[in-house]
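What's in coords12.csv: CSV, C-alpha atoms
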```csv
chain,number,residue,atom,x,y,z
K,1,MET,CA,104.4,155.2,26.9
K,2,ILE,CA,102.7,153.0,24.3
K,3,ALA,CA,103.7,154.0,20.8
K,4,PRO,CA,101.1,155.7,18.6
K,5,GLN,CA,99.2,154.1,15.7
K,6,GLY,CA,101.0,153.2,12.5
K,7,ARG,CA,104.6,152.1,12.6
K,8,GLY,CA,104.7,152.2,16.4
K,9,ILE,CA,107.8,154.4,16.7
K,10,ALA,CA,107.9,156.9,19.6
K,11,GLY,CA,108.6,160.6,19.0
K,12,PRO,CA,112.1,162.1,18.6
K,13,GLY,CA,114.3,162.2,21.6
K,14,THR,CA,113.0,159.1,23.4
K,15,ASP,CA,115.4,156.5,22.0
K,16,SER,CA,118.1,157.0,24.7
K,17,SER,CA,115.7,157.9,27.6
K,18,THR,CA,116.1,155.9,30.7
K,19,ASP,CA,112.5,156.5,31.4
K,20,THR,CA,111.4,154.4,28.4
K,21,PHE,CA,111.5,150.6,27.9
K,22,ARG,CA,111.1,149.5,24.3
K,23,ILE,CA,109.6,146.1,23.4
K,24,LEU,CA,110.1,144.9,19.8
K,25,HIS,CA,108.1,142.0,18.4
K,26,VAL,CA,109.6,140.3,15.4
K,27,SER,CA,108.3,137.8,12.9
K,28,THR,CA,108.9,137.2,9.2
K,29,GLY,CA,106.6,139.5,7.1
K,30,ASN,CA,105.3,141.8,9.9
K,31,VAL,CA,101.8,141.3,8.7
K,32,CYS,CA,100.5,138.4,10.8
K,33,ARG,CA,102.2,137.2,14.0
K,34,SER,CA,104.2,140.3,15.1
K,35,PRO,CA,101.3,142.7,14.4
K,36,ILE,CA,99.0,140.5,16.5
K,37,THR,CA,101.6,140.4,19.3
K,38,GLU,CA,102.2,144.1,19.2
K,39,ARG,CA,98.6,145.1,19.3
K,40,LEU,CA,97.7,142.6,22.0
K,41,THR,CA,100.6,143.9,24.1
K,42,ARG,CA,99.4,147.5,23.7
K,43,HIS,CA,95.8,146.5,24.5
K,44,ALA,CA,96.8,144.5,27.6
K,45,LEU,CA,99.1,147.3,28.9
K,46,SER,CA,96.4,149.9,28.5
K,47,ASP,CA,94.0,147.6,30.3
K,48,ARG,CA,96.4,147.0,33.2
K,49,LEU,CA,98.0,150.4,33.6
K,50,GLY,CA,94.9,152.5,33.0
K,51,ASP,CA,96.8,155.5,31.5
K,52,PRO,CA,99.4,153.7,29.4
K,53,PHE,CA,101.5,156.8,29.1
K,54,THR,CA,102.5,156.6,32.8
K,55,GLY,CA,104.2,153.2,32.3
K,56,GLY,CA,107.1,154.3,30.1
K,57,LEU,CA,106.6,151.3,27.8
K,58,VAL,CA,106.9,151.6,24.0
K,59,VAL,CA,105.6,148.6,21.9
K,60,GLU,CA,106.5,148.1,18.2
K,61,SER,CA,107.2,145.4,15.7
K,62,ALA,CA,109.1,144.5,12.5
K,63,GLY,CA,109.7,141.6,10.2
K,64,THR,CA,113.0,139.9,9.1
K,65,TRP,CA,111.5,139.9,5.6
K,66,GLY,CA,109.1,142.7,6.4
K,67,HIS,CA,106.5,143.9,3.8
K,68,GLU,CA,107.5,147.5,4.1
K,69,GLY,CA,104.4,149.7,4.1
K,70,ALA,CA,102.0,146.8,3.9
K,71,PRO,CA,98.7,146.6,5.9
K,72,MET,CA,98.1,143.8,8.4
K,73,GLU,CA,96.7,140.6,7.0
K,74,ALA,CA,92.9,140.7,7.0
K,75,HIS,CA,92.6,137.6,9.2
K,76,ALA,CA,95.1,139.0,11.7
K,77,ALA,CA,93.0,142.1,11.9
K,78,THR,CA,89.8,140.1,12.5
K,79,VAL,CA,91.5,138.1,15.3
K,80,LEU,CA,92.7,141.2,17.0
K,81,ALA,CA,89.2,142.7,16.9
K,82,ASP,CA,87.8,139.5,18.3
K,83,LEU,CA,90.2,139.7,21.2
K,84,GLY,CA,89.3,143.3,21.9
K,85,ALA,CA,92.5,144.9,20.5
K,86,ASP,CA,92.7,147.6,17.9
K,87,PRO,CA,94.0,146.6,14.4
K,88,HIS,CA,93.6,149.9,12.7
K,89,GLY,CA,96.4,152.0,11.3
K,90,PHE,CA,99.0,149.3,11.2
K,91,ILE,CA,101.8,149.6,8.7
K,92,GLY,CA,104.4,146.8,8.1
K,93,ARG,CA,108.1,147.4,8.2
K,94,GLU,CA,111.4,145.6,7.6
K,95,LEU,CA,113.6,144.9,10.6
K,96,LEU,CA,116.6,147.4,10.7
K,97,ASP,CA,119.6,147.7,12.8
K,98,GLU,CA,118.2,150.8,14.5
K,99,HIS,CA,115.2,148.8,15.7
K,100,VAL,CA,117.4,146.3,17.4
K,101,ILE,CA,119.7,149.0,18.8
K,102,ARG,CA,116.8,150.8,20.5
K,103,ALA,CA,115.0,147.8,21.8
K,104,ASP,CA,115.3,146.8,25.5
K,105,LEU,CA,113.5,143.5,24.9
K,106,VAL,CA,113.1,141.7,21.6
K,107,LEU,CA,110.4,138.9,21.5
K,108,THR,CA,110.4,136.8,18.3
K,109,ALA,CA,107.9,134.3,16.9
K,110,THR,CA,110.5,131.6,16.4
K,111,ARG,CA,114.0,130.5,17.2
K,112,ASP,CA,115.1,131.3,13.6
K,113,HIS,CA,113.9,134.9,14.1
K,114,ARG,CA,115.8,135.1,17.4
K,115,ALA,CA,119.0,133.9,15.7
K,116,GLN,CA,118.5,136.5,12.9
K,117,VAL,CA,118.1,139.3,15.4
K,118,ILE,CA,121.2,138.1,17.4
K,119,SER,CA,123.2,137.8,14.2
K,120,MET,CA,122.7,141.6,13.6
K,121,GLY,CA,124.9,142.2,16.6
K,122,HIS,CA,124.4,145.3,18.8
K,123,SER,CA,124.8,143.1,22.0
K,124,ALA,CA,121.3,141.8,21.3
K,125,GLY,CA,121.8,138.3,22.7
K,126,LEU,CA,120.9,139.0,26.3
K,127,ARG,CA,117.7,140.8,25.5
K,128,THR,CA,116.3,138.7,22.6
K,129,PHE,CA,114.0,135.7,23.3
K,130,THR,CA,111.3,133.9,21.5
K,131,LEU,CA,107.9,134.9,23.0
K,132,LYS,CA,107.3,131.4,24.4
K,133,GLU,CA,110.8,131.1,25.7
K,134,PHE,CA,110.4,134.4,27.6
K,135,THR,CA,107.1,133.3,29.0
K,136,ARG,CA,108.6,130.1,30.3
K,137,LEU,CA,111.5,132.0,31.9
K,138,VAL,CA,109.2,134.6,33.4
K,139,ARG,CA,107.1,132.0,35.1
K,140,ALA,CA,110.1,130.9,37.0
K,141,ILE,CA,111.0,134.4,38.4
K,142,ASP,CA,109.7,135.4,41.8
K,143,PRO,CA,107.9,138.7,41.3
K,144,ALA,CA,108.9,139.7,44.8
K,145,THR,CA,112.5,140.0,43.6
K,146,LEU,CA,111.5,142.6,41.0
K,147,PRO,CA,111.3,146.4,41.6
K,148,ASP,CA,108.0,147.8,42.8
K,149,PRO,CA,106.0,149.0,39.8
K,150,GLU,CA,104.1,151.5,42.0
K,151,ARG,CA,107.1,153.8,42.7
K,152,ALA,CA,108.3,156.5,40.2
K,153,GLY,CA,109.9,154.8,37.2
K,154,GLY,CA,109.0,151.4,38.7
K,155,VAL,CA,107.5,149.8,35.6
K,156,VAL,CA,110.6,150.6,33.5
K,157,ASP,CA,113.0,149.5,36.3
K,158,ARG,CA,110.9,146.3,36.8
K,159,ALA,CA,111.0,145.5,33.0
K,160,ARG,CA,114.8,145.9,32.9
K,161,ALA,CA,115.2,143.7,36.0
K,162,LEU,CA,112.9,141.1,34.4
K,163,VAL,CA,114.9,140.9,31.2
K,164,GLN,CA,118.1,140.5,33.2
K,165,ALA,CA,116.6,137.7,35.4
K,166,ALA,CA,115.3,135.9,32.4
K,167,ALA,CA,118.6,136.0,30.6
K,168,ALA,CA,120.3,134.6,33.7
K,169,LEU,CA,117.9,131.6,33.8
K,170,ARG,CA,118.1,130.8,30.1
K,171,GLY,CA,120.9,128.2,30.3
K,172,TRP,CA,119.2,126.5,33.3
K,173,LEU,CA,115.5,126.3,32.2
K,174,LEU,CA,115.5,124.7,28.8
K,175,ALA,CA,112.6,124.0,26.5
K,176,PRO,CA,111.0,120.6,26.8
K,177,ASN,CA,111.2,120.1,23.1
K,178,ALA,CA,112.1,121.9,19.9
K,179,GLU,CA,108.6,123.1,19.2
K,180,ALA,CA,107.9,124.5,22.6
K,181,ASP,CA,109.4,127.9,21.8
K,182,GLU,CA,107.7,128.3,18.3
K,183,VAL,CA,104.7,130.3,17.2
K,184,HIS,CA,103.9,129.0,13.7
K,185,ASP,CA,103.2,131.2,10.7
K,186,PRO,CA,99.5,131.4,9.8
K,187,TYR,CA,100.1,133.4,6.6
K,188,GLY,CA,97.8,132.0,3.9
K,189,ALA,CA,95.9,129.8,6.3
K,190,PRO,CA,92.2,129.9,7.1
K,191,ILE,CA,90.7,132.2,9.8
K,192,THR,CA,90.4,129.2,12.1
K,193,PHE,CA,94.2,128.8,12.2
K,194,PHE,CA,94.7,132.5,12.7
K,195,ARG,CA,92.3,132.4,15.7
K,196,SER,CA,94.3,129.5,17.2
K,197,ILE,CA,97.6,131.5,16.7
K,198,GLY,CA,95.9,134.6,18.2
K,199,ASP,CA,94.9,132.6,21.3
K,200,GLU,CA,98.3,131.0,21.6
K,201,ILE,CA,100.0,134.5,21.5
K,202,ASN,CA,97.5,135.9,23.9
K,203,GLN,CA,98.1,133.1,26.4
K,204,ALA,CA,101.9,133.5,26.1
K,205,LEU,CA,101.7,137.2,26.7
K,206,ASP,CA,99.5,137.1,29.8
K,207,PRO,CA,102.2,136.0,32.3
K,208,VAL,CA,104.8,138.3,30.7
K,209,LEU,CA,102.6,141.4,31.0
K,210,THR,CA,101.6,140.5,34.6
K,211,ALA,CA,105.3,140.3,35.4
K,212,LEU,CA,106.2,143.5,33.6
K,213,THR,CA,103.4,145.6,35.2
K,214,GLY,CA,102.8,143.8,38.5
K,215,VAL,CA,99.1,143.8,37.6
K,216,PRO,CA,97.3,140.5,36.7
K,217,GLY,CA,95.0,140.4,33.7
K,218,ARG,CA,91.3,140.3,34.0
K,219,PRO,CA,89.7,136.8,34.5
```
Would it be possible to restate this file's structure as structure tokens?
Amino acid sequence: MIAPQGRGIAGPGTDSSTDTFRILHVSTGNVCRSPITERLTRHALSDRLGDPFTGGLVVESAGTWGHEGAPMEAHAATVLADLGADPHGFIGRELLDEHVIRADLVLTATRDHRAQVISMGHSAGLRTFTLKEFTRLVRAIDPATLPDPERAGGVVDRARALVQAAAALRGWLLAPNAEADEVHDPYGAPITFFRSIGDEINQALDPVLTALTGVPGRP
């Protein structure tokens, strides 16, 4: 299930469901990078799964210094629209313990964000990665070793197995340099920089969503 518009929180009673896999995107203010990543993820899942509610995936975002109740930055909304995703109805929020507790996979913009999430506890270390780190690890995982997404509950089972496999690889497949796992903050920058960040996020998400769903993106 892809979360509804607005804050991106699913309805009551879903938090502990084994039929649901929650993806949490984290940046600083929750008005630029994580909204772009959240909405691009939702768009791609809808495109690949057809009826997104059959997948069992919930996508949401928050910020470590989140602008609670704030709208998405105008340039971020423009970039999303240009990439075919829906920017409407977004509301920013601050990262809380409950968000980390409920998340099955946390993808952050930077290593500092990852460290902040892990420092909150809740056994978050094995399920928290920077987006680019997770992309690098996922590329090294043989999709044939993951559960079949076509069977009942397969997408959720596949997502859980993917996170476990990525966590196992983390100590073996290191970043080539310190910047390789970072998505830089475009806040206050011109639209051209926002577009480059949007493209960067979109490219990083593509192999992740292919691995999660077993369905490649459109050329």
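Those residues that approach region 166-169 of chain K to within 6 Å, counting all atoms listed in the file, are Leu126, Leu137, Val163, Gln164, Gly171 and Trp172 of chain K; same-chain residues fewer than 2 positions away are not listed.
Picture a line from CA of Thr20 (chain K) to CA of Leu57 (chain K); it runs 5.7 Å.
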Distance table requested - region 21-52 of chain K against region 70-90 of chain K, cut-off 7 Å, all atoms listed in the file: one row per qualifying residue with the closest atom pair and its distance in Å to one decimal, ordered by chain and rising residue number, as CSV.
```
residue,atom,partner,partner_atom,distance
K:Val31,CA,K:Met72,CA,4.5
K:Cys32,CA,K:Ala76,CA,5.5
K:Pro35,CA,K:Met72,CA,6.9
K:Ile36,CA,K:Leu80,CA,6.4
K:Arg39,CA,K:Ala85,CA,6.2
K:Leu40,CA,K:Ala85,CA,5.9
K:His43,CA,K:Ala85,CA,5.4
```
Just the selected residues (C-alpha atoms), exported as a compact mmCIF listing (two decimals), in the frame of the given file, please.
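Contents of part.txt, freshly written:
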```
# COMPACT_ATOMS: atom_id res chain seq x y z
CA VAL K 31 101.80 141.30 8.70
CA CYS K 32 100.50 138.40 10.80
CA PRO K 35 101.30 142.70 14.40
CA ILE K 36 99.00 140.50 16.50
CA ARG K 39 98.60 145.10 19.30
CA LEU K 40 97.70 142.60 22.00
CA HIS K 43 95.80 146.50 24.50
```
Problem - Selected residue, from K:Asp19, K:Leu96, K:Ala175, K:His25, that lies nearest to His122 (chain K) when counting all atoms listed in the file - result: K:Leu96
Problem - Pairwise distance for CA of Ala109 (chain K) and CA of Thr28 (chain K), rounded to one decimal in Å - result: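 Spanning CA of Ala109 (chain K) to CA of Thr28 (chain K) is a straight-line distance of 8.3 Å.
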Practice task
Work out how far apart CA of Leu95 (chain K) and CA of Ser34 (chain K) are and give it in Å to one decimal.
Solution key: 11.4 Å
Completion exercise
Restricting to all atoms listed in the file, whichever of K:Ala178, K:Ala211, K:Leu45, K:Val138 is closest to Thr110 (chain K) is K:Ala178
Give me, as a PDB file with C-alpha atoms, keeping the file's coordinate frame, all polymer residues having an atom no more than 12 Å from Glu150 (chain K), counting all atoms listed in the file and skipping those fewer than 6 positions away in the same chain.
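Result saved to result26.pdb:
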```pdb
ATOM      1  CA  LEU K  49      98.000 150.400  33.600  1.00  0.00           C
ATOM      2  CA  THR K  54     102.500 156.600  32.800  1.00  0.00           C
ATOM      3  CA  GLY K  55     104.200 153.200  32.300  1.00  0.00           C
ATOM      4  CA  VAL K 156     110.600 150.600  33.500  1.00  0.00           C
ATOM      5  CA  ASP K 157     113.000 149.500  36.300  1.00  0.00           C
ATOM      6  CA  ARG K 158     110.900 146.300  36.800  1.00  0.00           C
ATOM      7  CA  LEU K 212     106.200 143.500  33.600  1.00  0.00           C
ATOM      8  CA  THR K 213     103.400 145.600  35.200  1.00  0.00           C
ATOM      9  CA  GLY K 214     102.800 143.800  38.500  1.00  0.00           C
ATOM     10  CA  VAL K 215      99.100 143.800  37.600  1.00  0.00           C
TER      11      VAL K 215
END
```
Would you compute an axis-aligned box for region 90-94 of chain K, covering every atom listed for it in the file with 5 Å of margin on each side, and report centre and edge lengths in Å to one decimal as AutoDock Vina command-line options?
```
--center_x 105.2 --center_y 147.6 --center_z 9.4 --size_x 22.4 --size_y 14.0 --size_z 13.6
```
Handout entry: Gly125 (chain K) surroundings by only C-alpha atoms, 12 Å radius, close-in-sequence under 2 positions cut, as a ChimeraX atom specification
Key = /K:100-101,103-107,114-123,127-130,163-164,166-168,170
Could those residues be written to a file, using C-alpha atoms, as a PDB file, keeping the file's coordinate frame?
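File written: again.pdb
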```
ATOM      1  CA  VAL K 100     117.400 146.300  17.400  1.00  0.00           C
ATOM      2  CA  ILE K 101     119.700 149.000  18.800  1.00  0.00           C
ATOM      3  CA  ALA K 103     115.000 147.800  21.800  1.00  0.00           C
ATOM      4  CA  ASP K 104     115.300 146.800  25.500  1.00  0.00           C
ATOM      5  CA  LEU K 105     113.500 143.500  24.900  1.00  0.00           C
ATOM      6  CA  VAL K 106     113.100 141.700  21.600  1.00  0.00           C
ATOM      7  CA  LEU K 107     110.400 138.900  21.500  1.00  0.00           C
ATOM      8  CA  ARG K 114     115.800 135.100  17.400  1.00  0.00           C
ATOM      9  CA  ALA K 115     119.000 133.900  15.700  1.00  0.00           C
ATOM     10  CA  GLN K 116     118.500 136.500  12.900  1.00  0.00           C
ATOM     11  CA  VAL K 117     118.100 139.300  15.400  1.00  0.00           C
ATOM     12  CA  ILE K 118     121.200 138.100  17.400  1.00  0.00           C
ATOM     13  CA  SER K 119     123.200 137.800  14.200  1.00  0.00           C
ATOM     14  CA  MET K 120     122.700 141.600  13.600  1.00  0.00           C
ATOM     15  CA  GLY K 121     124.900 142.200  16.600  1.00  0.00           C
ATOM     16  CA  HIS K 122     124.400 145.300  18.800  1.00  0.00           C
ATOM     17  CA  SER K 123     124.800 143.100  22.000  1.00  0.00           C
ATOM     18  CA  ARG K 127     117.700 140.800  25.500  1.00  0.00           C
ATOM     19  CA  THR K 128     116.300 138.700  22.600  1.00  0.00           C
ATOM     20  CA  PHE K 129     114.000 135.700  23.300  1.00  0.00           C
ATOM     21  CA  THR K 130     111.300 133.900  21.500  1.00  0.00           C
ATOM     22  CA  VAL K 163     114.900 140.900  31.200  1.00  0.00           C
ATOM     23  CA  GLN K 164     118.100 140.500  33.200  1.00  0.00           C
ATOM     24  CA  ALA K 166     115.300 135.900  32.400  1.00  0.00           C
ATOM     25  CA  ALA K 167     118.600 136.000  30.600  1.00  0.00           C
ATOM     26  CA  ALA K 168     120.300 134.600  33.700  1.00  0.00           C
ATOM     27  CA  ARG K 170     118.100 130.800  30.100  1.00  0.00           C
TER      28      ARG K 170
END
```
What's the 12 Å shell around Thr210 (chain K), counting only C-alpha atoms, without same-chain residues fewer than 2 positions away, as an mmCIF file with C-alpha atoms, in the frame of the given file?
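out.cif, freshly written:
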```cif
data_model
loop_
_atom_site.group_PDB
_atom_site.id
_atom_site.type_symbol
_atom_site.label_atom_id
_atom_site.label_comp_id
_atom_site.auth_asym_id
_atom_site.auth_seq_id
_atom_site.Cartn_x
_atom_site.Cartn_y
_atom_site.Cartn_z
ATOM 1 C CA THR K 41 100.600 143.900 24.100
ATOM 2 C CA ALA K 44 96.800 144.500 27.600
ATOM 3 C CA LEU K 45 99.100 147.300 28.900
ATOM 4 C CA ASP K 47 94.000 147.600 30.300
ATOM 5 C CA ARG K 48 96.400 147.000 33.200
ATOM 6 C CA LEU K 49 98.000 150.400 33.600
ATOM 7 C CA THR K 135 107.100 133.300 29.000
ATOM 8 C CA VAL K 138 109.200 134.600 33.400
ATOM 9 C CA ARG K 139 107.100 132.000 35.100
ATOM 10 C CA ILE K 141 111.000 134.400 38.400
ATOM 11 C CA ASP K 142 109.700 135.400 41.800
ATOM 12 C CA PRO K 143 107.900 138.700 41.300
ATOM 13 C CA LEU K 146 111.500 142.600 41.000
ATOM 14 C CA PRO K 149 106.000 149.000 39.800
ATOM 15 C CA VAL K 155 107.500 149.800 35.600
ATOM 16 C CA ARG K 158 110.900 146.300 36.800
ATOM 17 C CA ALA K 159 111.000 145.500 33.000
ATOM 18 C CA LEU K 162 112.900 141.100 34.400
ATOM 19 C CA GLN K 203 98.100 133.100 26.400
ATOM 20 C CA ALA K 204 101.900 133.500 26.100
ATOM 21 C CA LEU K 205 101.700 137.200 26.700
ATOM 22 C CA ASP K 206 99.500 137.100 29.800
ATOM 23 C CA PRO K 207 102.200 136.000 32.300
ATOM 24 C CA VAL K 208 104.800 138.300 30.700
ATOM 25 C CA LEU K 212 106.200 143.500 33.600
ATOM 26 C CA THR K 213 103.400 145.600 35.200
ATOM 27 C CA GLY K 214 102.800 143.800 38.500
ATOM 28 C CA VAL K 215 99.100 143.800 37.600
ATOM 29 C CA PRO K 216 97.300 140.500 36.700
ATOM 30 C CA GLY K 217 95.000 140.400 33.700
ATOM 31 C CA ARG K 218 91.300 140.300 34.000
#
```
Exercise for the section: Would you mind telling me which residue in K:Arg102, K:Arg160, K:Arg93, K:His184 lies nearest to Gly29 (chain K) when using only C-alpha atoms? Expected result: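 Of the candidates, the smallest distance to Gly29 (chain K) is held by K:Arg93.
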Problem - Using all atoms listed in the file: which of K:Trp65, K:Phe194, K:Phe134, K:Phe21 has the shortest distance to Leu173 (chain K) - result: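 Using all atoms listed in the file, the shortest distance to Leu173 (chain K) belongs to K:Phe134.
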